[in-house]
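Enquirer: Sharing target30.cif (mmCIF, C-alpha atoms) below.
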data_run
loop_
_atom_site.label_atom_id
_atom_site.label_comp_id
_atom_site.auth_asym_id
_atom_site.auth_seq_id
_atom_site.Cartn_x
_atom_site.Cartn_y
_atom_site.Cartn_z
CA MET A 1 35.54 -4.32 9.63
CA GLY A 2 33.82 -1.17 8.51
CA LEU A 3 34.61 0.82 5.40
CA ILE A 4 34.63 4.53 6.16
CA SER A 5 35.25 7.17 3.53
CA ASN A 6 35.84 10.76 4.59
CA GLY A 7 34.11 10.08 7.90
CA THR A 8 31.07 8.42 6.32
CA THR A 9 30.46 4.74 6.99
CA ILE A 10 29.69 2.99 3.71
CA PHE A 11 29.86 -0.64 4.86
CA ASP A 12 29.85 -2.05 8.37
CA ASN A 13 29.35 -5.45 9.93
CA GLY A 14 28.64 -7.12 6.61
CA SER A 15 26.04 -4.64 5.35
CA MET A 16 25.85 -1.46 3.35
CA ALA A 17 24.95 1.51 5.54
CA SER A 18 21.45 2.95 5.57
CA GLY A 19 20.95 5.48 2.81
CA PHE A 20 23.00 3.56 0.27
CA SER A 21 21.09 0.32 -0.09
CA ASP A 22 17.66 -0.29 -1.55
CA ASP A 23 14.91 -0.64 1.05
CA LEU A 24 12.72 -2.55 -1.37
CA LYS A 25 14.25 -5.97 -0.70
CA PHE A 26 13.91 -8.78 -3.18
CA ILE A 27 13.03 -11.99 -1.33
CA SER A 28 12.01 -14.57 -3.91
CA LYS A 29 10.76 -15.15 -7.41
CA ALA A 30 8.41 -18.02 -8.27
CA THR A 31 7.97 -18.91 -11.91
CA ALA A 32 4.83 -20.82 -12.80
CA SER A 33 4.92 -23.62 -15.33
CA ALA A 34 1.59 -25.44 -15.60
CA SER A 35 1.35 -25.04 -11.81
CA LEU A 36 -1.89 -25.88 -10.00
CA SER A 37 -1.02 -23.06 -7.62
CA VAL A 38 1.91 -20.86 -6.73
CA ASP A 39 2.42 -21.05 -2.98
CA ILE A 40 4.83 -18.72 -1.23
CA THR A 41 5.70 -20.56 1.98
CA SER A 42 8.92 -18.92 3.14
CA GLY A 43 10.39 -15.48 3.61
CA ILE A 44 7.29 -13.94 5.23
CA ASP A 45 7.83 -13.15 8.90
CA SER A 46 8.43 -10.20 11.21
CA THR A 47 11.49 -9.03 9.28
CA TYR A 48 9.40 -6.50 7.34
CA LYS A 49 6.27 -4.55 8.20
CA GLU A 50 5.11 -4.65 4.60
CA TYR A 51 5.41 -7.21 1.82
CA ILE A 52 4.68 -6.61 -1.86
CA PHE A 53 3.87 -9.30 -4.42
CA MET A 54 4.44 -8.35 -8.06
CA PHE A 55 2.67 -10.39 -10.74
CA ASN A 56 4.16 -10.44 -14.21
CA ASN A 57 2.15 -11.90 -17.09
CA ILE A 58 0.24 -14.51 -15.14
CA HIS A 59 -1.29 -16.67 -17.84
CA PRO A 60 -3.97 -19.34 -17.31
CA SER A 61 -4.37 -22.65 -19.06
CA ASN A 62 -8.17 -22.34 -19.00
CA ASP A 63 -10.37 -19.61 -20.44
CA ASP A 64 -12.78 -17.29 -18.60
CA ILE A 65 -11.59 -17.96 -15.07
CA THR A 66 -10.62 -15.94 -12.00
CA PHE A 67 -7.19 -15.38 -10.48
CA HIS A 68 -7.33 -15.37 -6.70
CA PHE A 69 -5.37 -15.76 -3.45
CA GLN A 70 -5.56 -16.89 0.17
CA ALA A 71 -3.32 -17.08 3.24
CA ASN A 72 -2.44 -19.59 5.92
CA ALA A 73 -1.75 -18.66 9.51
CA SER A 74 1.51 -19.67 11.08
CA GLY A 75 1.10 -23.21 12.32
CA GLY A 76 -2.27 -23.52 10.61
CA SER A 77 -3.37 -25.92 7.92
CA GLY A 78 -4.90 -24.89 4.66
CA PHE A 79 -5.37 -21.59 2.87
CA ASN A 80 -8.66 -20.56 4.46
CA GLU A 81 -8.32 -17.44 6.59
CA THR A 82 -11.34 -15.18 7.22
CA ILE A 83 -11.51 -12.21 4.83
CA THR A 84 -13.69 -9.12 4.55
CA SER A 85 -12.92 -7.26 1.33
CA THR A 86 -13.99 -4.76 -1.32
CA GLN A 87 -13.55 -4.87 -5.06
CA PHE A 88 -14.24 -2.43 -7.88
CA ARG A 89 -13.38 -2.41 -11.53
CA ALA A 90 -12.96 -0.11 -14.49
CA THR A 91 -13.59 -1.97 -17.73
CA HIS A 92 -13.42 -1.17 -21.44
CA GLY A 93 -13.75 -3.37 -24.52
CA GLU A 94 -11.12 -3.51 -27.24
CA ASP A 95 -13.92 -2.55 -29.62
CA GLY A 96 -14.62 0.55 -27.55
CA SER A 97 -17.75 -0.92 -26.00
CA SER A 98 -19.29 -0.61 -22.57
CA ALA A 99 -16.81 1.38 -20.52
CA SER A 100 -17.83 1.51 -16.87
CA LEU A 101 -16.66 1.83 -13.26
CA ASP A 102 -18.52 -0.37 -10.77
CA TYR A 103 -18.37 -1.96 -7.35
CA LEU A 104 -18.31 -5.77 -7.83
CA THR A 105 -20.59 -7.39 -5.29
CA GLY A 106 -19.72 -10.85 -6.57
CA ALA A 107 -16.01 -10.36 -6.09
CA ASP A 108 -15.87 -9.23 -2.46
CA GLN A 109 -16.13 -11.29 0.72
CA ALA A 110 -17.88 -10.77 4.08
CA GLN A 111 -16.11 -12.91 6.65
CA GLY A 112 -15.54 -15.50 3.94
CA THR A 113 -12.79 -18.10 3.84
CA SER A 114 -12.74 -18.55 0.07
CA TYR A 115 -9.85 -17.54 -2.14
CA GLN A 116 -10.12 -13.78 -2.70
CA LEU A 117 -10.65 -12.75 -6.31
CA LEU A 118 -7.93 -10.56 -7.77
CA ALA A 119 -8.88 -10.60 -11.45
CA GLY A 120 -12.00 -12.01 -13.07
CA SER A 121 -13.00 -13.49 -16.44
CA VAL A 122 -9.36 -13.88 -17.45
CA GLY A 123 -8.76 -15.19 -20.95
CA SER A 124 -6.21 -17.78 -22.01
CA ASP A 125 -5.24 -16.38 -25.40
CA ASN A 126 -1.66 -15.26 -25.64
CA ASP A 127 -2.76 -11.62 -25.65
CA GLN A 128 -4.68 -12.20 -22.42
CA GLY A 129 -3.64 -12.73 -18.79
CA VAL A 130 -2.98 -10.79 -15.59
CA SER A 131 -0.35 -8.45 -14.15
CA GLY A 132 -0.48 -6.43 -10.95
CA TYR A 133 0.67 -5.97 -7.39
CA LEU A 134 -0.55 -6.80 -3.88
CA HIS A 135 0.57 -5.20 -0.60
CA ILE A 136 0.26 -7.07 2.71
CA PHE A 137 0.80 -5.05 5.88
CA ASN A 138 2.45 -6.46 8.98
CA PRO A 139 1.51 -10.13 8.43
CA ALA A 140 3.47 -11.33 11.47
CA ASP A 141 1.60 -9.08 13.89
CA THR A 142 -0.36 -10.88 16.62
CA THR A 143 -2.41 -7.88 17.83
CA PHE A 144 -4.10 -6.44 14.74
CA VAL A 145 -5.91 -7.76 11.68
CA LYS A 146 -3.86 -7.92 8.47
CA HIS A 147 -4.68 -5.32 5.85
CA PHE A 148 -4.03 -5.82 2.13
CA PHE A 149 -4.64 -3.89 -1.07
CA GLY A 150 -3.74 -4.42 -4.68
CA ALA A 151 -4.36 -3.46 -8.29
CA PHE A 152 -4.62 -5.84 -11.22
CA GLN A 153 -4.75 -5.25 -14.94
CA SER A 154 -6.14 -8.18 -16.89
CA ILE A 155 -7.50 -8.97 -20.33
CA ALA A 156 -10.77 -10.84 -20.23
CA HIS A 157 -11.74 -13.75 -22.43
CA SER A 158 -14.12 -11.32 -24.15
CA ASN A 159 -11.21 -9.01 -25.05
CA ARG A 160 -12.00 -6.45 -22.41
CA CYS A 161 -9.44 -4.44 -20.47
CA ASN A 162 -10.22 -4.89 -16.77
CA TYR A 163 -8.56 -2.75 -14.09
CA GLN A 164 -9.52 -4.20 -10.69
CA GLN A 165 -8.81 -2.74 -7.26
CA VAL A 166 -9.02 -5.10 -4.30
CA ALA A 167 -8.58 -4.38 -0.59
CA GLY A 168 -9.57 -5.81 2.74
CA TYR A 169 -8.30 -7.56 5.80
CA PHE A 170 -7.65 -11.03 7.06
CA ASN A 171 -9.73 -10.95 10.22
CA THR A 172 -7.24 -12.77 12.40
CA THR A 173 -4.70 -11.81 15.03
CA SER A 174 -2.63 -14.86 14.16
CA ALA A 175 0.52 -14.29 12.12
CA LEU A 176 0.25 -15.09 8.41
CA ASP A 177 3.29 -16.68 6.86
CA GLU A 178 2.08 -18.47 3.72
CA PHE A 179 0.19 -17.21 0.67
CA SER A 180 -1.29 -19.14 -2.23
CA PHE A 181 -2.16 -17.88 -5.71
CA LYS A 182 -4.07 -19.84 -8.34
CA PHE A 183 -6.79 -19.77 -10.96
CA SER A 184 -10.31 -21.01 -10.30
CA SER A 185 -9.70 -23.93 -12.65
CA GLY A 186 -6.80 -25.37 -14.57
CA THR A 187 -3.26 -24.28 -13.98
CA VAL A 188 -1.10 -21.19 -13.89
CA ASP A 189 0.36 -21.82 -17.31
CA SER A 190 3.18 -19.29 -16.94
CA GLY A 191 4.16 -16.09 -15.16
CA ASP A 192 6.30 -14.78 -12.35
CA ILE A 193 5.32 -13.86 -8.80
CA ILE A 194 8.02 -11.80 -7.13
CA LEU A 195 8.05 -11.16 -3.38
CA PHE A 196 9.60 -8.04 -1.88
CA GLY A 197 9.97 -6.88 1.71
CA VAL A 198 9.89 -3.17 2.49
CA SER A 199 12.42 -2.20 5.16
CA MET B 1 39.94 6.97 1.53
CA ALA B 2 38.79 5.99 -1.90
CA VAL B 3 37.98 2.47 -3.05
CA VAL B 4 39.13 1.78 -6.59
CA SER B 5 38.61 -1.54 -8.36
CA GLY B 6 40.06 -2.27 -11.78
CA GLY B 7 40.72 1.40 -12.29
CA THR B 8 37.12 2.32 -11.50
CA THR B 9 36.37 4.47 -8.45
CA LEU B 10 33.60 2.90 -6.39
CA ILE B 11 33.71 5.02 -3.25
CA ASP B 12 35.30 8.40 -2.65
CA ASN B 13 34.86 11.31 -0.29
CA GLY B 14 32.16 9.63 1.76
CA ALA B 15 29.89 8.66 -1.10
CA LEU B 16 29.39 5.95 -3.67
CA ASP B 17 30.39 6.94 -7.17
CA ALA B 18 27.41 7.94 -9.31
CA GLY B 19 28.08 4.96 -11.57
CA VAL B 20 27.63 2.43 -8.78
CA PRO B 21 24.10 1.06 -8.80
CA THR B 22 22.20 1.62 -5.56
CA GLY B 23 18.65 1.31 -4.40
CA SER B 24 15.75 3.38 -5.58
CA LEU B 25 13.60 3.23 -2.43
CA ILE B 26 15.58 4.59 0.52
CA LEU B 27 14.31 4.45 4.09
CA LEU B 28 14.91 7.85 5.67
CA SER B 29 13.03 7.72 8.95
CA THR B 30 10.84 5.45 11.08
CA GLN B 31 8.67 6.75 13.89
CA THR B 32 6.55 4.66 16.24
CA ALA B 33 3.45 6.11 17.82
CA SER B 34 2.73 5.47 21.48
CA ALA B 35 -0.12 7.65 22.71
CA SER B 36 1.34 10.38 20.47
CA ALA B 37 -0.57 13.61 19.88
CA SER B 38 1.09 13.84 16.48
CA ILE B 39 4.06 12.54 14.52
CA SER B 40 6.12 15.02 12.51
CA PHE B 41 8.83 14.59 9.90
CA THR B 42 10.89 17.77 9.89
CA SER B 43 14.17 16.71 8.30
CA ASP B 44 15.47 15.00 5.14
CA ILE B 45 12.70 16.46 2.94
CA ASP B 46 14.53 18.40 0.26
CA SER B 47 15.63 18.14 -3.36
CA THR B 48 17.60 14.92 -2.79
CA TYR B 49 14.71 12.78 -4.05
CA ASP B 50 12.11 13.32 -6.76
CA SER B 51 9.37 11.97 -4.56
CA TYR B 52 8.81 10.86 -1.00
CA VAL B 53 6.69 7.95 0.19
CA PHE B 54 5.12 7.63 3.62
CA LYS B 55 3.88 4.24 4.77
CA PHE B 56 1.66 4.01 7.82
CA ILE B 57 1.12 0.60 9.39
CA ASN B 58 -1.50 -0.45 11.94
CA ILE B 59 -2.40 3.08 12.96
CA HIS B 60 -4.70 2.70 15.93
CA PRO B 61 -6.45 5.72 17.50
CA GLY B 62 -6.66 6.44 21.20
CA THR B 63 -10.15 7.99 20.99
CA ASP B 64 -13.39 6.36 19.99
CA TRP B 65 -15.97 7.47 17.40
CA ASN B 66 -15.82 9.92 14.50
CA ASN B 67 -12.08 9.85 14.47
CA TRP B 68 -9.81 9.80 11.45
CA PHE B 69 -6.13 9.82 10.53
CA ALA B 70 -4.92 12.90 8.68
CA PHE B 71 -1.84 14.76 7.48
CA GLN B 72 -0.72 18.22 6.48
CA ALA B 73 2.45 19.91 5.21
CA SER B 74 4.67 22.76 6.26
CA THR B 75 6.77 25.26 4.33
CA ASN B 76 8.56 26.53 7.44
CA GLY B 77 10.26 23.41 8.76
CA GLY B 78 7.36 22.39 10.95
CA SER B 79 6.67 25.66 12.77
CA SER B 80 3.13 25.43 11.41
CA TYR B 81 1.11 23.00 9.29
CA GLY B 82 -1.58 24.30 6.99
CA VAL B 83 -0.72 24.52 3.29
CA THR B 84 -3.64 25.18 0.92
CA VAL B 85 -4.98 21.94 -0.54
CA THR B 86 -7.45 20.93 -3.23
CA ASN B 87 -8.11 17.20 -3.42
CA THR B 88 -10.45 14.33 -4.22
CA ALA B 89 -11.57 11.33 -2.18
CA PHE B 90 -13.51 8.18 -2.96
CA ARG B 91 -13.82 4.74 -1.46
CA PRO B 92 -15.49 1.35 -1.77
CA TYR B 93 -16.74 -0.25 1.44
CA HIS B 94 -18.21 -3.56 2.57
CA ASN B 95 -19.48 -4.73 5.94
CA GLU B 96 -18.65 -8.05 7.60
CA ALA B 97 -22.32 -8.99 7.55
CA GLY B 98 -22.24 -8.81 3.76
CA SER B 99 -25.34 -6.61 3.65
CA GLN B 100 -23.82 -3.28 2.66
CA THR B 101 -21.48 -2.34 -0.19
CA GLY B 102 -20.78 0.85 -2.06
CA LEU B 103 -18.37 2.86 -4.19
CA ASN B 104 -18.75 6.59 -3.75
CA TYR B 105 -17.10 9.92 -4.32
CA LEU B 106 -16.96 11.69 -0.94
CA ASP B 107 -17.86 15.31 -1.54
CA SER B 108 -18.04 16.04 2.17
CA TYR B 109 -14.52 14.77 2.76
CA ASP B 110 -12.67 16.49 -0.06
CA GLN B 111 -11.10 19.96 0.18
CA ALA B 112 -11.21 23.02 -2.06
CA GLN B 113 -8.42 25.48 -1.27
CA SER B 114 -8.52 24.48 2.38
CA THR B 115 -5.71 24.50 4.91
CA ALA B 116 -7.31 21.82 7.13
CA PHE B 117 -5.64 18.48 7.80
CA ILE B 118 -6.28 15.98 5.00
CA ARG B 119 -8.26 12.84 5.70
CA LEU B 120 -6.47 9.58 4.96
CA CYS B 121 -9.24 7.17 5.92
CA GLU B 122 -12.85 6.61 6.80
CA ASP B 123 -13.82 7.16 10.43
CA THR B 124 -12.11 4.71 12.74
CA SER B 125 -12.21 4.16 16.47
CA SER B 126 -10.27 2.74 19.37
CA ALA B 127 -12.70 0.13 20.64
CA ASN B 128 -11.12 -2.94 19.06
CA ALA B 129 -7.71 -4.00 17.88
CA ASP B 130 -9.13 -4.72 14.43
CA GLU B 131 -10.03 -1.05 14.06
CA ASN B 132 -6.91 0.41 12.57
CA LEU B 133 -5.51 1.32 9.19
CA SER B 134 -2.51 0.84 6.96
CA GLY B 135 -1.64 2.64 3.77
CA THR B 136 0.69 4.86 1.80
CA ILE B 137 1.09 8.40 0.43
CA GLN B 138 3.47 9.54 -2.29
CA ILE B 139 4.43 13.23 -2.49
CA PHE B 140 5.97 14.44 -5.72
CA ASN B 141 8.80 16.96 -5.86
CA PRO B 142 8.05 18.72 -2.55
CA SER B 143 11.05 21.02 -2.87
CA SER B 144 9.95 22.54 -6.17
CA THR B 145 9.68 26.32 -6.12
CA THR B 146 7.99 26.41 -9.53
CA PHE B 147 5.14 23.91 -9.36
CA VAL B 148 2.40 22.87 -6.96
CA LYS B 149 3.00 19.60 -5.06
CA HIS B 150 0.93 16.57 -6.07
CA TYR B 151 0.20 13.64 -3.80
CA LEU B 152 -1.47 10.22 -4.18
CA GLY B 153 -2.71 8.14 -1.27
CA ARG B 154 -4.48 4.89 -0.50
CA SER B 155 -5.38 3.34 2.83
CA GLN B 156 -7.15 0.22 4.01
CA THR B 157 -9.17 0.53 7.22
CA GLY B 158 -11.12 -1.78 9.49
CA ILE B 159 -13.82 0.20 11.28
CA SER B 160 -16.92 -0.20 13.41
CA LYS B 161 -19.77 2.19 12.78
CA VAL B 162 -23.41 2.07 13.87
CA GLY B 163 -23.00 -1.47 15.13
CA GLN B 164 -21.41 -2.76 11.92
CA ALA B 165 -17.82 -3.75 11.13
CA TYR B 166 -16.59 -2.54 7.73
CA THR B 167 -13.61 -2.69 5.47
CA VAL B 168 -12.92 0.59 3.64
CA ASP B 169 -10.43 1.08 0.78
CA TRP B 170 -9.76 4.84 0.77
CA TYR B 171 -8.32 6.75 -2.22
CA GLY B 172 -7.19 10.34 -1.87
CA ALA B 173 -5.25 12.56 -4.24
CA GLY B 174 -4.68 16.24 -4.67
CA TYR B 175 -2.15 19.02 -4.57
CA PHE B 176 -0.68 21.48 -2.15
CA ASN B 177 -1.34 24.72 -3.98
CA THR B 178 1.92 26.42 -3.24
CA THR B 179 5.14 27.14 -5.09
CA SER B 180 7.04 27.31 -1.82
CA ALA B 181 9.13 24.28 -0.99
CA ILE B 182 7.48 21.87 1.43
CA ASN B 183 9.94 20.64 4.03
CA ALA B 184 7.93 18.98 6.79
CA PHE B 185 4.85 16.81 7.24
CA GLN B 186 2.71 16.03 10.26
CA PHE B 187 0.32 13.13 10.92
CA LYS B 188 -2.31 12.99 13.64
CA MET B 189 -5.83 11.87 14.52
CA ASN B 190 -8.49 14.55 14.27
CA SER B 191 -9.26 13.82 17.93
CA GLY B 192 -7.07 12.36 20.65
CA ASN B 193 -3.82 10.48 20.31
CA ILE B 194 -2.35 7.99 17.91
CA ASP B 195 -2.42 5.09 20.32
CA ASP B 196 -0.19 2.77 18.29
CA GLY B 197 1.34 2.41 14.83
CA ILE B 198 4.40 2.99 12.70
CA ILE B 199 5.04 5.68 10.07
CA LYS B 200 8.00 5.37 7.72
CA MET B 201 9.35 7.92 5.27
CA TYR B 202 11.24 6.89 2.13
CA GLY B 203 12.96 8.79 -0.62
CA VAL B 204 12.42 7.57 -4.18
CA LYS B 205 15.23 8.12 -6.68
#
What is this structure when it is put down as structure tokens?
Expert:
Amino acid sequence: MGLISNGTTIFDNGSMASGFSDDLKFISKATASASLSVDITSGIDSTYKEYIFMFNNIHPSNDDITFHFQANASGGSGFNETITSTQFRATHGEDGSSASLDYLTGADQAQGTSYQLLAGSVGSDNDQGVSGYLHIFNPADTTFVKHFFGAFQSIAHSNRCNYQQVAGYFNTTSALDEFSFKFSSGTVDSGDIILFGVS
Amino acid sequence: MAVVSGGTTLIDNGALDAGVPTGSLILLSTQTASASASISFTSDIDSTYDSYVFKFINIHPGTDWNNWFAFQASTNGGSSYGVTVTNTAFRPYHNEAGSQTGLNYLDSYDQAQSTAFIRLCEDTSSANADENLSGTIQIFNPSSTTFVKHYLGRSQTGISKVGQAYTVDWYGAGYFNTTSAINAFQFKMNSGNIDDGIIKMYGVK
């Protein structure tokens, strides 16, 4: 049964009509607790052409490590898809030292299958950690490569503010339906990773 | 018909009551390119929303070489596109061979009081399916008749150029230097058709 007010359909067939509902759709929230990795293994399919991961206060157990991610193709095994990527960073010390903007040749990949760096040199003090976002475009497509870009604000073990921009593509025409996030050593001590679909 | 619950009006006169929480990102239009000379959005751009977001997904050109995806605005409902723009552009890049990287301001790709279409990516081409781009633009307060209209954009492109495959993370920002309301936008390649791809327009409350 639809609900129509003054000729305007508000609800129909179990859903709110277009124009009333939010088209940034919450899909899932994963909360880390001394987790070796946070793997998102459901909710990513052809329903949406774009997915956004939000990272809130991702905190490592170990000091001076990198936060990174990879994907797994549908039906594949292991987080090891081929990536070509770019990375640059603005950085500034809490003591006002050494502000700079640079391309990071050690943080990109050229047809690599490693986990892609999102934030580097992350510290484990309570005033350190990572927050940010990552967009993945059309991961279920089987014609084109899969583009991604993101921005991450982190506090380094050396008390530096790091603002890192990452982008690139998974060089595969296979659908991607699983993503993994972890630190280069130790565990994800705490933090939330929230997955949204964009209608 | 109104819907009232516990004495509180939820729906009346064809609209949700202002006190009922709704979404903040509202899909207004989706257009799919199929050998399209251009894609235009000529309705729903008004004072309803404070900003508008366009998302372009897997834009693939129909013509090879020296080809890029671009947009412009209209103040006359789409009769013409060519509002005066001043903007900036920069991008990091990296090739699949791992031998070339860079982060540069692009002084040949920016505009200074120009009415030309605005680049949204590095050159791309039609040769391969991995040569396409995805990205987003946000336009702020296009219906203002007091201020100029700011925009922010970012795109991610896979391209082939001079025998090399690259990834390019493009940043563009600027303003339409007009106090007239902008009420339409058009997207196209600088040469040939948009072979494939989706462009979506959202309103942001």
Enquirer: Could you tell me which residues the PyMOL selection byres ((chain B) within 7 of (chain A)) returns for this structure, as a VMD selection string?
Expert: chain B and resid 1 to 2 12 to 14 22 to 27 57 92 to 98 102 to 103 129 to 130 134 156 167 169
Enquirer: What is the distance between CA of Val122 (chain A) and CA of Thr31 (chain A), in Å to one decimal?
Expert: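 Interatomic distance, CA of Val122 (chain A) to CA of Thr31 (chain A): 18.9 Å.
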Enquirer: With 8 Å of padding per side, what axis-aligned box (centre and edge lengths, Å, one decimal) covers all the listed atoms of region 198-203 of chain B? Give it as AutoDock Vina command-line options.
Expert:
--center_x 8.7 --center_y 5.9 --center_z 6.0 --size_x 24.6 --size_y 21.8 --size_z 29.3
Enquirer: Once the PyMOL selection byres ((chain B and resi 185) around 9) has been applied to the shown file, what residues remain in the selection, as a list in words?
Expert: Ile39, Ser40, Phe41, Thr42, Ile45, Phe71, Gln72, Ala73, Ser74, Gly77, Gly78, Tyr81, Ile182, Asn183, Ala184, Gln186 and Phe187 of chain B
Enquirer: Those same residues - C-alpha atoms - I'd like them written as an mmCIF file, keeping the file's coordinate frame.
Expert:
data_model
loop_
_atom_site.group_PDB
_atom_site.id
_atom_site.type_symbol
_atom_site.label_atom_id
_atom_site.label_comp_id
_atom_site.auth_asym_id
_atom_site.auth_seq_id
_atom_site.Cartn_x
_atom_site.Cartn_y
_atom_site.Cartn_z
ATOM 1 C CA ILE B 39 4.060 12.540 14.520
ATOM 2 C CA SER B 40 6.120 15.020 12.510
ATOM 3 C CA PHE B 41 8.830 14.590 9.900
ATOM 4 C CA THR B 42 10.890 17.770 9.890
ATOM 5 C CA ILE B 45 12.700 16.460 2.940
ATOM 6 C CA PHE B 71 -1.840 14.760 7.480
ATOM 7 C CA GLN B 72 -0.720 18.220 6.480
ATOM 8 C CA ALA B 73 2.450 19.910 5.210
ATOM 9 C CA SER B 74 4.670 22.760 6.260
ATOM 10 C CA GLY B 77 10.260 23.410 8.760
ATOM 11 C CA GLY B 78 7.360 22.390 10.950
ATOM 12 C CA TYR B 81 1.110 23.000 9.290
ATOM 13 C CA ILE B 182 7.480 21.870 1.430
ATOM 14 C CA ASN B 183 9.940 20.640 4.030
ATOM 15 C CA ALA B 184 7.930 18.980 6.790
ATOM 16 C CA GLN B 186 2.710 16.030 10.260
ATOM 17 C CA PHE B 187 0.320 13.130 10.920
#
Enquirer: Step by step, work through what the PyMOL selection byres ((chain B and resi 170) around 10) selects in the shown file, and finish by giving those residues as number ranges by chain.
Expert: A: 167; B: 89-93, 119-122, 135, 153-157, 167-169, 171-172
Enquirer: For Gly43 (chain A), find every residue with an atom within 12 Å (counting all atoms listed in the file), except residues of its own chain fewer than 6 positions away, and show them as a VMD selection string.
Expert: chain A and resid 25 to 29 51 to 52 139 to 140 176 to 179 194 to 197
